[in-house]
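Visitor: For reference, the file data.cif (mmCIF, C-alpha atoms and all ligand atoms) is included below:
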```
data_upload
#
loop_
_atom_site.label_atom_id
_atom_site.label_comp_id
_atom_site.auth_asym_id
_atom_site.auth_seq_id
_atom_site.Cartn_x
_atom_site.Cartn_y
_atom_site.Cartn_z
CA MET J 1 -19.07 -20.29 -6.26
CA LYS J 2 -17.69 -16.94 -7.49
CA ARG J 3 -14.14 -16.83 -8.80
CA ALA J 4 -11.77 -13.91 -8.23
CA LEU J 5 -8.35 -13.22 -9.69
CA ILE J 6 -6.10 -10.96 -7.59
CA THR J 7 -2.87 -9.63 -9.04
CA GLY J 8 -0.18 -8.97 -6.43
CA VAL J 9 -1.36 -11.59 -3.96
CA THR J 10 1.97 -11.55 -2.09
CA GLY J 11 1.58 -7.87 -1.13
CA GLN J 12 -0.12 -6.33 1.91
CA ASP J 13 -3.48 -5.70 0.25
CA GLY J 14 -3.37 -8.91 -1.79
CA ALA J 15 -3.11 -10.92 1.42
CA TYR J 16 -5.95 -9.15 3.22
CA LEU J 17 -8.23 -9.14 0.17
CA SER J 18 -7.58 -12.85 -0.40
CA LYS J 19 -8.64 -13.56 3.17
CA LEU J 20 -11.76 -11.44 2.83
CA LEU J 21 -12.85 -13.15 -0.41
CA LEU J 22 -12.03 -16.65 0.87
CA ASP J 23 -14.11 -15.94 3.98
CA LYS J 24 -16.97 -14.92 1.69
CA GLY J 25 -16.76 -18.29 -0.08
CA TYR J 26 -14.91 -17.20 -3.22
CA ASP J 27 -12.57 -19.42 -5.19
CA VAL J 28 -9.48 -17.17 -5.12
CA TYR J 29 -6.68 -17.17 -7.69
CA GLY J 30 -3.63 -15.01 -7.07
CA THR J 31 -0.77 -14.02 -9.33
CA PHE J 32 2.76 -13.96 -7.98
CA ARG J 33 6.21 -13.24 -9.42
CA ARG J 34 8.68 -16.05 -9.46
CA SER J 35 11.61 -15.18 -7.18
CA SER J 36 14.66 -17.08 -6.03
CA THR J 37 13.41 -16.98 -2.44
CA PRO J 38 9.80 -17.73 -1.41
CA ASN J 39 7.79 -14.61 -0.71
CA PHE J 40 4.53 -15.84 0.83
CA TRP J 41 4.97 -14.82 4.48
CA ARG J 42 1.88 -12.59 4.54
CA LEU J 43 -0.41 -15.35 3.23
CA GLN J 44 1.15 -17.76 5.72
CA SER J 45 0.78 -15.32 8.56
CA LEU J 46 -2.98 -14.96 7.81
CA GLY J 47 -3.28 -18.77 7.62
CA ILE J 48 -4.64 -18.78 4.07
CA PHE J 49 -1.64 -19.91 2.02
CA SER J 50 -3.01 -23.38 1.30
CA ARG J 51 -6.49 -22.09 0.42
CA LEU J 52 -5.40 -20.08 -2.64
CA HIS J 53 -4.67 -21.06 -6.22
CA LEU J 54 -1.37 -19.49 -7.26
CA ILE J 55 -0.56 -18.47 -10.83
CA PRO J 56 2.91 -17.27 -11.84
CA SER J 57 2.62 -14.04 -13.81
CA ASP J 58 4.50 -10.79 -14.33
CA LEU J 59 2.85 -7.47 -15.14
CA VAL J 60 5.42 -6.74 -17.84
CA ASP J 61 4.47 -9.93 -19.68
CA MET J 62 1.07 -9.71 -21.38
CA GLY J 63 1.01 -13.41 -22.28
CA SER J 64 1.31 -14.36 -18.63
CA LEU J 65 -1.56 -12.03 -17.74
CA MET J 66 -3.76 -13.53 -20.47
CA GLU J 67 -2.84 -17.00 -19.26
CA ALA J 68 -3.77 -16.05 -15.68
CA VAL J 69 -7.21 -14.87 -16.82
CA LYS J 70 -7.71 -17.93 -19.04
CA VAL J 71 -6.74 -20.37 -16.29
CA SER J 72 -8.75 -18.73 -13.51
CA ARG J 73 -11.89 -17.85 -15.56
CA PRO J 74 -12.70 -15.10 -13.05
CA ASP J 75 -15.95 -13.25 -12.44
CA GLU J 76 -13.89 -10.45 -10.90
CA ILE J 77 -10.32 -9.20 -11.32
CA TYR J 78 -8.70 -7.04 -8.64
CA ASN J 79 -5.55 -5.38 -10.01
CA LEU J 80 -3.49 -4.78 -6.87
CA ALA J 81 -0.05 -5.51 -8.29
CA ALA J 82 2.19 -2.50 -8.81
CA SER J 83 5.62 -1.20 -8.01
CA SER J 84 4.16 0.66 -5.05
CA PHE J 85 7.10 2.33 -3.29
CA VAL J 86 7.24 5.99 -4.36
CA SER J 87 10.99 6.41 -3.75
CA THR J 88 11.82 3.46 -6.00
CA ALA J 89 9.65 4.93 -8.74
CA PHE J 90 11.93 8.00 -8.76
CA GLU J 91 14.92 5.66 -9.20
CA GLN J 92 13.21 3.45 -11.82
CA PRO J 93 10.67 5.66 -13.62
CA VAL J 94 10.56 3.70 -16.88
CA GLY J 95 10.06 0.36 -15.16
CA ASN J 96 7.41 1.91 -12.99
CA ALA J 97 5.47 3.13 -16.01
CA GLU J 98 5.50 -0.42 -17.44
CA ILE J 99 4.50 -2.17 -14.23
CA THR J 100 2.21 0.33 -12.57
CA GLY J 101 0.78 2.00 -15.67
CA ILE J 102 0.89 0.08 -18.97
CA ALA J 103 0.03 -3.26 -17.32
CA VAL J 104 -3.43 -1.88 -16.51
CA THR J 105 -4.12 -1.61 -20.24
CA LYS J 106 -2.80 -5.13 -20.77
CA LEU J 107 -5.33 -6.42 -18.26
CA LEU J 108 -8.17 -4.34 -19.70
CA GLU J 109 -7.31 -5.54 -23.21
CA THR J 110 -7.28 -9.12 -21.95
CA ILE J 111 -10.78 -8.63 -20.52
CA ARG J 112 -11.98 -7.05 -23.78
CA PHE J 113 -10.59 -9.95 -25.84
CA LEU J 114 -11.49 -12.87 -23.61
CA ASN J 115 -14.64 -11.91 -21.73
CA PRO J 116 -15.97 -8.34 -21.38
CA LYS J 117 -18.34 -9.52 -18.64
CA ILE J 118 -15.45 -9.84 -16.16
CA LYS J 119 -15.62 -7.07 -13.54
CA PHE J 120 -12.38 -5.12 -12.99
CA TYR J 121 -11.07 -3.17 -9.99
CA GLN J 122 -8.09 -0.84 -10.37
CA ALA J 123 -6.07 0.18 -7.28
CA SER J 124 -5.78 3.95 -7.69
CA THR J 125 -4.11 6.15 -5.11
CA SER J 126 -4.25 9.46 -3.25
CA GLU J 127 -0.73 10.12 -4.60
CA MET J 128 -2.47 11.14 -7.87
CA TYR J 129 -3.57 14.39 -6.16
CA GLY J 130 0.01 15.50 -5.58
CA ASN J 131 0.31 18.89 -3.92
CA SER J 132 -3.27 20.04 -4.30
CA SER J 133 -4.50 23.39 -3.04
CA ASP J 134 -7.62 21.62 -1.66
CA SER J 135 -7.34 20.52 1.96
CA SER J 136 -9.97 17.78 1.65
CA LEU J 137 -9.60 15.54 -1.40
CA SER J 138 -12.58 13.89 -3.06
CA GLU J 139 -13.55 12.16 -6.31
CA THR J 140 -13.98 15.56 -8.00
CA THR J 141 -10.66 17.15 -6.92
CA PRO J 142 -8.28 17.70 -9.87
CA PHE J 143 -5.08 15.63 -9.98
CA HIS J 144 -1.56 17.10 -9.89
CA PRO J 145 0.71 14.03 -9.75
CA ALA J 146 4.15 14.70 -8.22
CA SER J 147 6.06 11.45 -8.80
CA PRO J 148 6.62 8.89 -11.56
CA TYR J 149 4.51 6.50 -9.46
CA ALA J 150 1.60 8.93 -9.31
CA ILE J 151 1.75 9.52 -13.07
CA SER J 152 1.76 5.78 -13.80
CA LYS J 153 -1.21 5.34 -11.47
CA LEU J 154 -3.07 8.23 -13.07
CA TYR J 155 -2.57 6.62 -16.48
CA GLY J 156 -4.11 3.38 -15.16
CA HIS J 157 -6.90 5.32 -13.50
CA TRP J 158 -7.92 7.13 -16.69
CA MET J 159 -7.49 4.04 -18.83
CA THR J 160 -9.92 2.18 -16.57
CA ASP J 161 -12.36 5.05 -17.05
CA VAL J 162 -11.96 4.85 -20.83
CA TYR J 163 -12.61 1.08 -20.95
CA ARG J 164 -15.69 1.56 -18.79
CA LYS J 165 -17.10 4.22 -21.11
CA ALA J 166 -15.89 2.91 -24.47
CA TYR J 167 -16.58 -0.81 -24.05
CA GLY J 168 -19.16 -1.00 -21.27
CA ILE J 169 -16.85 -3.06 -19.06
CA PHE J 170 -17.67 -3.00 -15.33
CA ALA J 171 -14.36 -1.27 -14.57
CA CYS J 172 -14.22 0.55 -11.23
CA THR J 173 -11.52 2.39 -9.28
CA GLY J 174 -10.80 3.12 -5.64
CA ILE J 175 -8.70 6.15 -4.76
CA LEU J 176 -7.24 4.78 -1.56
CA PHE J 177 -5.34 6.93 0.91
CA ASN J 178 -2.44 5.35 2.85
CA HIS J 179 -3.50 2.16 4.57
CA GLU J 180 -1.15 0.28 6.81
CA SER J 181 -1.03 -2.85 8.94
CA PRO J 182 1.40 -5.24 10.60
CA LEU J 183 1.78 -6.74 7.10
CA ARG J 184 2.98 -3.44 5.59
CA GLY J 185 6.33 -3.54 3.77
CA LEU J 186 9.27 -2.42 5.92
CA GLU J 187 10.31 0.32 3.51
CA PHE J 188 7.13 2.33 4.16
CA VAL J 189 7.43 4.87 6.95
CA SER J 190 4.68 3.50 9.23
CA ARG J 191 6.16 0.02 9.56
CA LYS J 192 9.72 1.38 9.48
CA ILE J 193 8.80 3.35 12.61
CA THR J 194 6.95 0.58 14.49
CA ASN J 195 9.62 -2.01 13.66
CA GLY J 196 12.39 0.45 14.59
CA VAL J 197 10.74 1.46 17.88
CA ALA J 198 10.20 -2.19 18.84
CA LYS J 199 13.88 -2.95 18.22
CA ILE J 200 15.03 0.11 20.19
CA LYS J 201 12.75 -0.79 23.11
CA LEU J 202 14.24 -4.29 23.24
CA GLY J 203 17.82 -3.01 23.00
CA LEU J 204 18.39 -4.35 19.48
CA GLU J 205 18.87 -0.94 17.84
CA LYS J 206 20.06 2.50 18.95
CA LYS J 207 18.46 4.93 16.50
CA LEU J 208 15.78 5.38 13.86
CA VAL J 209 16.84 7.30 10.75
CA LEU J 210 14.02 9.02 8.85
CA GLY J 211 13.53 11.63 6.12
CA ASN J 212 10.89 14.37 5.99
CA LEU J 213 9.15 14.43 9.38
CA ASN J 214 6.75 17.17 8.32
CA ALA J 215 4.96 15.24 5.56
CA GLN J 216 1.33 14.55 6.47
CA ARG J 217 -0.73 11.55 5.46
CA ASP J 218 -4.25 10.18 5.95
CA TRP J 219 -3.48 6.78 7.49
CA GLY J 220 -6.03 3.95 7.90
CA LEU J 221 -6.05 0.19 8.52
CA ALA J 222 -5.58 -2.00 5.41
CA SER J 223 -8.10 -4.73 6.28
CA GLU J 224 -10.89 -2.15 6.59
CA TYR J 225 -9.94 -0.71 3.20
CA MET J 226 -10.23 -4.16 1.61
CA GLU J 227 -13.85 -4.25 2.78
CA GLY J 228 -14.23 -0.93 0.98
CA ILE J 229 -12.74 -2.35 -2.22
CA TYR J 230 -15.21 -5.24 -2.06
CA LYS J 231 -18.07 -2.77 -1.72
CA ILE J 232 -16.80 -0.70 -4.66
CA MET J 233 -16.71 -3.85 -6.82
CA HIS J 234 -20.27 -4.74 -5.76
CA TYR J 235 -21.83 -1.30 -6.08
CA LYS J 236 -24.62 -1.22 -8.67
CA TYR J 237 -22.54 0.92 -11.07
CA PRO J 238 -18.81 0.92 -11.87
CA GLU J 239 -17.65 4.16 -10.29
CA THR J 240 -14.73 5.82 -8.53
CA PHE J 241 -14.68 6.06 -4.73
CA VAL J 242 -12.30 7.69 -2.26
CA LEU J 243 -11.46 5.57 0.80
CA SER J 244 -9.87 7.54 3.64
CA THR J 245 -10.16 8.33 7.35
CA ASN J 246 -10.51 12.10 6.70
CA GLU J 247 -7.71 12.77 9.24
CA SER J 248 -4.16 13.86 8.47
CA HIS J 249 -1.13 13.37 10.73
CA SER J 250 2.56 14.06 10.26
CA VAL J 251 5.40 11.55 10.20
CA LYS J 252 6.68 13.32 13.32
CA GLU J 253 3.38 12.64 15.13
CA PHE J 254 3.58 8.98 14.09
CA ALA J 255 7.10 8.62 15.47
CA GLN J 256 6.36 10.59 18.63
CA LEU J 257 3.28 8.51 19.44
CA ALA J 258 5.08 5.21 18.80
CA PHE J 259 8.02 6.12 21.08
CA GLU J 260 5.73 7.51 23.79
CA SER J 261 3.71 4.28 23.77
CA VAL J 262 6.79 2.43 25.03
CA ASP J 263 7.85 5.24 27.40
CA LEU J 264 10.73 6.49 25.28
CA ASP J 265 11.56 10.07 24.25
CA TRP J 266 11.52 10.14 20.44
CA LYS J 267 13.97 13.07 20.29
CA LYS J 268 16.73 10.88 21.73
CA TYR J 269 16.45 8.27 19.01
CA VAL J 270 15.17 9.85 15.77
CA LYS J 271 17.84 11.08 13.35
CA ILE J 272 17.27 12.68 9.98
CA ASP J 273 19.09 11.76 6.80
CA LYS J 274 18.42 13.47 3.50
CA ARG J 275 18.82 10.12 1.73
CA PHE J 276 15.25 9.36 2.88
CA MET J 277 13.86 12.56 1.39
CA ARG J 278 12.32 12.55 -2.09
CA PRO J 279 13.31 14.68 -5.11
CA LEU J 280 9.73 15.95 -5.02
CA GLU J 281 7.51 15.52 -1.96
CA VAL J 282 3.76 15.37 -1.53
CA ASN J 283 3.43 17.45 1.61
CA TYR J 284 -0.14 16.94 2.73
CA LEU J 285 -2.92 14.47 2.01
CA ARG J 286 -6.34 14.26 3.66
CA GLY J 287 -9.27 12.50 2.06
CA ASN J 288 -12.98 13.15 1.94
CA ASN J 289 -14.79 9.80 2.12
CA SER J 290 -18.36 11.13 2.11
CA LYS J 291 -19.29 9.45 -1.20
CA ALA J 292 -18.21 6.03 0.14
CA VAL J 293 -19.97 6.64 3.45
CA LYS J 294 -23.19 7.62 1.70
CA LYS J 295 -23.33 5.19 -1.21
CA LEU J 296 -21.35 2.20 0.06
CA LYS J 297 -22.09 2.53 3.78
CA TRP J 298 -18.32 2.16 4.30
CA LYS J 299 -16.74 3.95 7.25
CA PRO J 300 -13.36 3.17 8.79
CA LYS J 301 -13.41 2.47 12.53
CA ILE J 302 -9.65 2.46 13.10
CA LYS J 303 -8.11 5.91 13.27
CA PHE J 304 -4.52 7.09 13.71
CA GLU J 305 -3.85 6.36 17.41
CA LYS J 306 -5.32 2.85 17.27
CA LEU J 307 -3.46 2.10 14.03
CA VAL J 308 -0.09 3.00 15.58
CA ASP J 309 -0.98 0.87 18.62
CA ILE J 310 -1.93 -2.19 16.52
CA MET J 311 1.25 -2.04 14.44
CA LEU J 312 3.59 -1.36 17.32
CA LYS J 313 2.18 -4.15 19.52
CA GLU J 314 2.56 -6.67 16.69
CA ASP J 315 6.17 -5.67 15.97
CA LEU J 316 7.05 -5.82 19.67
CA THR J 317 5.51 -9.29 19.99
CA ARG J 318 7.36 -10.49 16.90
CA TRP J 319 10.77 -9.35 18.16
CA GLU J 320 10.06 -10.81 21.63
CA ASN J 321 9.11 -14.15 20.07
CA PHE J 322 12.20 -14.01 17.88
CA LEU J 323 14.43 -13.44 20.91
CA GLN J 324 12.84 -16.47 22.56
CA GLY J 325 13.79 -18.59 19.55
CA ARG J 326 10.30 -19.02 18.11
CA SER J 327 9.90 -19.15 14.33
CA PHE J 328 6.94 -17.76 12.41
CA PRO J 329 6.25 -16.15 9.00
CA TRP J 330 7.82 -12.70 9.11
CA ASP J 331 9.91 -10.32 7.01
CA ALA J 332 12.08 -8.29 9.40
CA PRO J 333 15.09 -10.55 10.09
CA LEU J 334 15.92 -10.70 6.38
CA TYR J 335 15.43 -6.97 5.76
CA PRO J 336 18.70 -5.13 5.03
CA ASP J 337 19.93 -2.06 6.90
CA GLU J 338 18.41 0.71 4.72
CA ASN J 339 21.32 3.03 5.57
CA LYS J 340 23.63 0.71 3.66
CA ILE J 341 21.57 0.58 0.47
CA ILE J 342 23.15 2.73 -2.25
CA THR J 343 20.56 4.60 -4.30
CA ARG J 344 20.75 7.63 -6.56
CA ASN J 345 19.17 9.64 -3.76
CA SER J 346 21.63 8.41 -1.14
CA LEU J 347 24.60 9.36 -3.33
CA GLU J 348 23.21 12.83 -3.94
CA ASN J 349 22.45 13.40 -0.24
CA LYS J 350 25.39 12.02 1.68
CA THR J 351 25.09 14.33 4.67
CA SER J 352 23.42 12.90 7.71
CA THR J 353 22.10 15.60 10.02
CA LYS J 354 20.96 15.46 13.59
CA LEU J 355 17.40 16.48 14.34
CA SER J 356 17.32 20.21 13.82
CA ARG J 357 15.93 22.64 16.39
CA LYS J 358 13.20 23.58 13.93
CA THR J 359 11.90 20.02 13.62
CA LYS J 360 12.02 19.55 17.39
P1 LIG T 1 2.66 -3.98 -1.99
O1 LIG T 1 2.60 -4.57 -0.61
O2 LIG T 1 3.89 -3.30 -2.45
O3 LIG T 1 2.29 -5.16 -3.02
C1 LIG T 1 2.46 -4.99 -4.40
C2 LIG T 1 2.26 -6.31 -5.10
O4 LIG T 1 2.55 -6.14 -6.50
C3 LIG T 1 3.19 -7.44 -4.60
O5 LIG T 1 2.48 -8.65 -4.60
C4 LIG T 1 4.26 -7.46 -5.69
O6 LIG T 1 4.92 -8.69 -5.83
C5 LIG T 1 3.42 -7.16 -6.92
N1 LIG T 1 4.24 -6.76 -8.07
C6 LIG T 1 5.16 -5.77 -8.13
N2 LIG T 1 5.72 -5.72 -9.34
C7 LIG T 1 5.16 -6.72 -10.06
C8 LIG T 1 5.35 -7.20 -11.38
N3 LIG T 1 6.23 -6.65 -12.22
N4 LIG T 1 4.59 -8.26 -11.79
C9 LIG T 1 3.71 -8.84 -10.96
N5 LIG T 1 3.50 -8.44 -9.70
C10 LIG T 1 4.22 -7.38 -9.25
O7 LIG T 1 1.46 -2.93 -2.18
P2 LIG T 1 0.09 -2.79 -1.36
O8 LIG T 1 0.31 -1.83 -0.26
O9 LIG T 1 -0.46 -4.13 -1.09
O10 LIG T 1 -0.81 -2.02 -2.43
C11 LIG T 1 -1.66 -2.73 -3.32
C12 LIG T 1 -2.02 -1.82 -4.48
O11 LIG T 1 -2.71 -0.66 -4.01
C13 LIG T 1 -0.84 -1.30 -5.27
O12 LIG T 1 -1.24 -1.20 -6.62
C14 LIG T 1 -0.60 0.08 -4.70
O13 LIG T 1 0.05 0.88 -5.65
C15 LIG T 1 -2.00 0.52 -4.41
N6 LIG T 1 -2.18 1.45 -3.33
C16 LIG T 1 -1.68 1.19 -2.09
C17 LIG T 1 -1.91 2.07 -1.04
C18 LIG T 1 -1.40 1.79 0.35
O14 LIG T 1 -1.41 2.72 1.17
N7 LIG T 1 -1.02 0.57 0.68
C19 LIG T 1 -2.71 3.21 -1.27
C20 LIG T 1 -3.22 3.43 -2.53
C21 LIG T 1 -2.98 2.54 -3.55
P3 LIG T 1 6.25 -9.03 -4.97
O15 LIG T 1 5.75 -9.45 -3.62
O16 LIG T 1 6.86 -10.12 -5.75
O17 LIG T 1 7.06 -7.79 -4.91
O1 LIG T 2 5.87 7.68 2.89
C1 LIG T 2 7.78 10.38 4.47
C2 LIG T 2 7.77 10.29 2.96
O2 LIG T 2 6.76 5.63 1.81
C3 LIG T 2 4.97 8.47 3.62
C4 LIG T 2 2.34 3.79 -0.85
O3 LIG T 2 1.56 2.73 -0.37
O4 LIG T 2 0.85 5.40 0.11
C5 LIG T 2 2.20 4.97 0.08
O5 LIG T 2 3.04 6.01 -0.40
C6 LIG T 2 5.60 9.82 3.92
C7 LIG T 2 6.27 10.47 2.71
O6 LIG T 2 4.27 6.13 1.75
C8 LIG T 2 10.63 8.47 5.64
O7 LIG T 2 8.60 11.28 2.38
C9 LIG T 2 9.77 10.42 6.03
O8 LIG T 2 5.96 11.82 2.69
O9 LIG T 2 5.29 5.41 3.84
P1 LIG T 2 5.61 6.13 2.60
P2 LIG T 2 3.75 7.07 0.56
O10 LIG T 2 4.87 7.66 -0.19
O11 LIG T 2 2.75 7.99 1.14
C10 LIG T 2 0.32 5.81 -1.16
C11 LIG T 2 -1.13 6.17 -0.95
C12 LIG T 2 0.54 4.82 -2.22
O12 LIG T 2 -0.23 4.69 -3.16
C13 LIG T 2 1.89 4.16 -2.26
O13 LIG T 2 1.84 2.96 -3.03
O14 LIG T 2 6.65 9.62 4.86
N1 LIG T 2 8.98 9.81 5.11
N2 LIG T 2 10.79 9.62 6.37
C14 LIG T 2 9.49 8.59 4.86
N3 LIG T 2 9.07 7.62 4.03
C15 LIG T 2 9.78 6.46 4.01
N4 LIG T 2 9.36 5.46 3.22
N5 LIG T 2 10.94 6.31 4.76
C16 LIG T 2 11.40 7.28 5.59
O15 LIG T 2 12.41 7.12 6.25
#
```
Please, can you express the file's structure as structure tokens?

Guide:
Amino acid sequence: MKRALITGVTGQDGAYLSKLLLDKGYDVYGTFRRSSTPNFWRLQSLGIFSRLHLIPSDLVDMGSLMEAVKVSRPDEIYNLAASSFVSTAFEQPVGNAEITGIAVTKLLETIRFLNPKIKFYQASTSEMYGNSSDSSLSETTPFHPASPYAISKLYGHWMTDVYRKAYGIFACTGILFNHESPLRGLEFVSRKITNGVAKIKLGLEKKLVLGNLNAQRDWGLASEYMEGIYKIMHYKYPETFVLSTNESHSVKEFAQLAFESVDLDWKKYVKIDKRFMRPLEVNYLRGNNSKAVKKLKWKPKIKFEKLVDIMLKEDLTRWENFLQGRSFPWDAPLYPDENKIITRNSLENKTSTKLSRKTK
């Protein structure tokens, strides 16, 4: 039986990848951070919580990472843990470098010391491209990172490349474009919209406050991207692959489609607040997945419209079940009102503006 160690098992991708590997017969070990309140709702919601081995570990603590590798004796390590919310990385750039960047080297050093035969996957990101002049982004497109998060990720990306070349470790990377699901964190715009629209439809909320509606992203379904990660790890050589849908849609399109799906006019409910805009924005991202299609035979089936539909239906069902008094693993009832969270960005941008004519 193969053994896999996944860092960040409590996150969206950690949950879906755990399920995929368990279904393939792997013995799966997952690292989690100790917190004062249990944080396993995604694993519970996929029905796999009791099938995993859990190891407490923090990316800032090298000893705990070494311990996790020693205890799990993995054939494969998937490094999914990171501080993954771009806005928070602007607020906490030093912490982000430690968690999202330097920790990659800690893991690679652990592999080098303990067992260089362990295969390693690093979760790289389309954010590393920043505001590129290319309209279709592939493995050969130069990087222009535009956030502390992207810089930390680029550090981890290149470090993985160095350990592959310098020490012959099977160290591979996936440059994944945005992938979403009903298990996506509520701070990310996709789930913020589907959760917000569900609440408005059921009369639990009156408005949805967003930031830059014009930003465009290449959005796919997380579970399909985990199949891609598995294929990257099992390709004959350790290489870098882009995983994307090759389509780009704006935040405005996302919101419009979600409201229209429940017969509501988005213009009546969407408000804009600068507090949700970033000090530096990545305006447009669209991937080119042809290498993955050709070499891995990986191709996403779920595109934008279907993705919005899947997420919205799940959030509607959850709120309906909640109103009927049913209990189930879920994050939304405990999530704070984002408009009340004081951040550096919210203090600098106190003005809330109605949807401008231009955006309409
Ligand atoms: P996520 O839902 O935010 O999950 C991140 C995971 O990292 C969580 O389990 C989190 O633990 C853990 N973590 C954060 N800080 C940690 C620390 N100091 N020590 C140990 N664990 C820590 O992110 P995701 O969407 O699943 O993404 C998975 C990976 O892919 C991340 O590296 C992300 O940067 C990258 N990525 C994501 C996308 C995307 O569109 N989803 C695209 C490209 C790349 P807690 O639950 O305790 O917070
Ligand atoms: O923002 C805009 C925002 O936070 C998408 C992470 O998984 O994917 C994710 O990063 C866009 C941005 O994701 C709001 O300005 C407008 O342009 O959902 P997001 P992200 O920043 O693209 C990449 C690939 C990763 O690697 C990351 O880990 O939407 N936007 N209004 C908003 N964004 C948020 N969060 N909230 C808003 O109200």

Visitor: For ligand LIG 2 (chain T), which of J:Val189, J:Val197, J:Ala332, J:Leu257 is the closest residue, counting all atoms listed in the file?

Guide: J:Val189

Visitor: Please write out, as lines of an AutoDock Vina configuration file, where the centre of an axis-aligned box around all listed atoms of ligand LIG 2 (chain T) lies and how long its edges are, in Å to one decimal, after adding 5 Å on each side.

Guide:
```
center_x = 5.6
center_y = 7.3
center_z = 1.6
size_x = 23.5
size_y = 19.1
size_z = 19.5
```

Visitor: Taking only C-alpha atoms and all ligand atoms and a cut-off of 8 Å, can you tell me which residues surround ligand LIG 1 (chain T), written as a compact mmCIF listing (two decimals) with C-alpha atoms, in the frame of the given file?

Guide:
```
# COMPACT_ATOMS: atom_id res chain seq x y z
CA THR J 7 -2.87 -9.63 -9.04
CA GLY J 8 -0.18 -8.97 -6.43
CA VAL J 9 -1.36 -11.59 -3.96
CA THR J 10 1.97 -11.55 -2.09
CA GLY J 11 1.58 -7.87 -1.13
CA GLN J 12 -0.12 -6.33 1.91
CA ASP J 13 -3.48 -5.70 0.25
CA GLY J 14 -3.37 -8.91 -1.79
CA ALA J 15 -3.11 -10.92 1.42
CA THR J 31 -0.77 -14.02 -9.33
CA PHE J 32 2.76 -13.96 -7.98
CA ARG J 33 6.21 -13.24 -9.42
CA ARG J 34 8.68 -16.05 -9.46
CA SER J 35 11.61 -15.18 -7.18
CA ASN J 39 7.79 -14.61 -0.71
CA PHE J 40 4.53 -15.84 0.83
CA SER J 57 2.62 -14.04 -13.81
CA ASP J 58 4.50 -10.79 -14.33
CA LEU J 59 2.85 -7.47 -15.14
CA VAL J 60 5.42 -6.74 -17.84
CA ASN J 79 -5.55 -5.38 -10.01
CA LEU J 80 -3.49 -4.78 -6.87
CA ALA J 81 -0.05 -5.51 -8.29
CA ALA J 82 2.19 -2.50 -8.81
CA SER J 83 5.62 -1.20 -8.01
CA SER J 84 4.16 0.66 -5.05
CA PHE J 85 7.10 2.33 -3.29
CA ILE J 99 4.50 -2.17 -14.23
CA THR J 100 2.21 0.33 -12.57
CA GLN J 122 -8.09 -0.84 -10.37
CA ALA J 123 -6.07 0.18 -7.28
CA SER J 124 -5.78 3.95 -7.69
CA THR J 125 -4.11 6.15 -5.11
CA SER J 126 -4.25 9.46 -3.25
CA GLU J 127 -0.73 10.12 -4.60
CA LYS J 153 -1.21 5.34 -11.47
CA ILE J 175 -8.70 6.15 -4.76
CA LEU J 176 -7.24 4.78 -1.56
CA PHE J 177 -5.34 6.93 0.91
CA ASN J 178 -2.44 5.35 2.85
CA HIS J 179 -3.50 2.16 4.57
CA GLU J 180 -1.15 0.28 6.81
CA ARG J 184 2.98 -3.44 5.59
CA GLY J 185 6.33 -3.54 3.77
CA TRP J 219 -3.48 6.78 7.49
CA ALA J 222 -5.58 -2.00 5.41
```

Visitor: I'd like the neighbourhood of region 335-351 of chain J as JSON, numbers by chain, where a residue qualifies if any of its atoms comes within 9 Å (using only C-alpha atoms), though same-chain residues fewer than 3 positions away should be ignored.

Guide: {"J": [87, 88, 90, 91, 186, 187, 209, 273, 274, 275, 276, 277, 278, 279, 331, 332]}

Visitor: Which of these residues is nearest to ligand LIG 2 (chain T), using all atoms listed in the file: J:Leu296, J:Val270, J:Leu204, J:Leu114?

Guide: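 Looking at the shortest contact to ligand LIG 2 (chain T), the residue is J:Val270.
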
Visitor: Could you check which of J:Leu210, J:Ile302, J:Val162, J:Ala103 is closest to ligand LIG 2 (chain T), using all atoms listed in the file?

Guide: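 Nearest candidate to ligand LIG 2 (chain T) out of J:Leu210, J:Ile302, J:Val162, J:Ala103: J:Leu210.
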
Visitor: Of the candidates J:Gly228, J:Pro300, J:Pro329, J:Pro148, which one gets nearest to ligand LIG 2 (chain T) if we count only C-alpha atoms and all ligand atoms?

Guide: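 Smallest separation from ligand LIG 2 (chain T) among the options: J:Pro148.
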
Visitor: Kindly indicate which residue among J:Ala68, J:Ile232, J:Ala150, J:Leu307 lies nearest to Lys291 (chain J), using only C-alpha atoms for the distances.

Guide: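 The shortest atom-to-atom distance to Lys291 (chain J) comes from J:Ile232.
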
Visitor: Using Å and a single decimal, report how far CA of Ala89 (chain J) sits from CA of Ala146 (chain J).

Guide: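 Those two atoms sit 11.2 Å apart.
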
Visitor: Identify which of the residues J:Phe259, J:Tyr163, J:Tyr149, J:Pro333 lies closest to ligand LIG 2 (chain T), counting only C-alpha atoms and all ligand atoms when measuring atom-to-atom distances.

Guide: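 Of J:Phe259, J:Tyr163, J:Tyr149, J:Pro333, the one nearest ligand LIG 2 (chain T) is J:Tyr149, counting only C-alpha atoms and all ligand atoms.
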
Visitor: In Å, rounded to a single decimal, give me how far CA of Tyr121 (chain J) is from CA of Glu67 (chain J).

Guide: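 Taking CA of Glu67 (chain J) and CA of Tyr121 (chain J), their separation equals 18.6 Å.
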
Visitor: Measure the distance from CA of Tyr155 (chain J) to CA of Lys295 (chain J) in Å and round it to one decimal.

Guide: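 Atom-to-atom, CA of Tyr155 (chain J) to CA of Lys295 (chain J), that is 25.8 Å.
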
Visitor: Identify, on the basis of all atoms listed in the file, every residue whose closest approach to Leu285 (chain J) does not exceed 7 Å; exclude the query and any residue fewer than 6 positions from it along the same chain; express the result as a list in words.

Guide: Gln216, Arg217, Asp218 and Ser248 of chain J
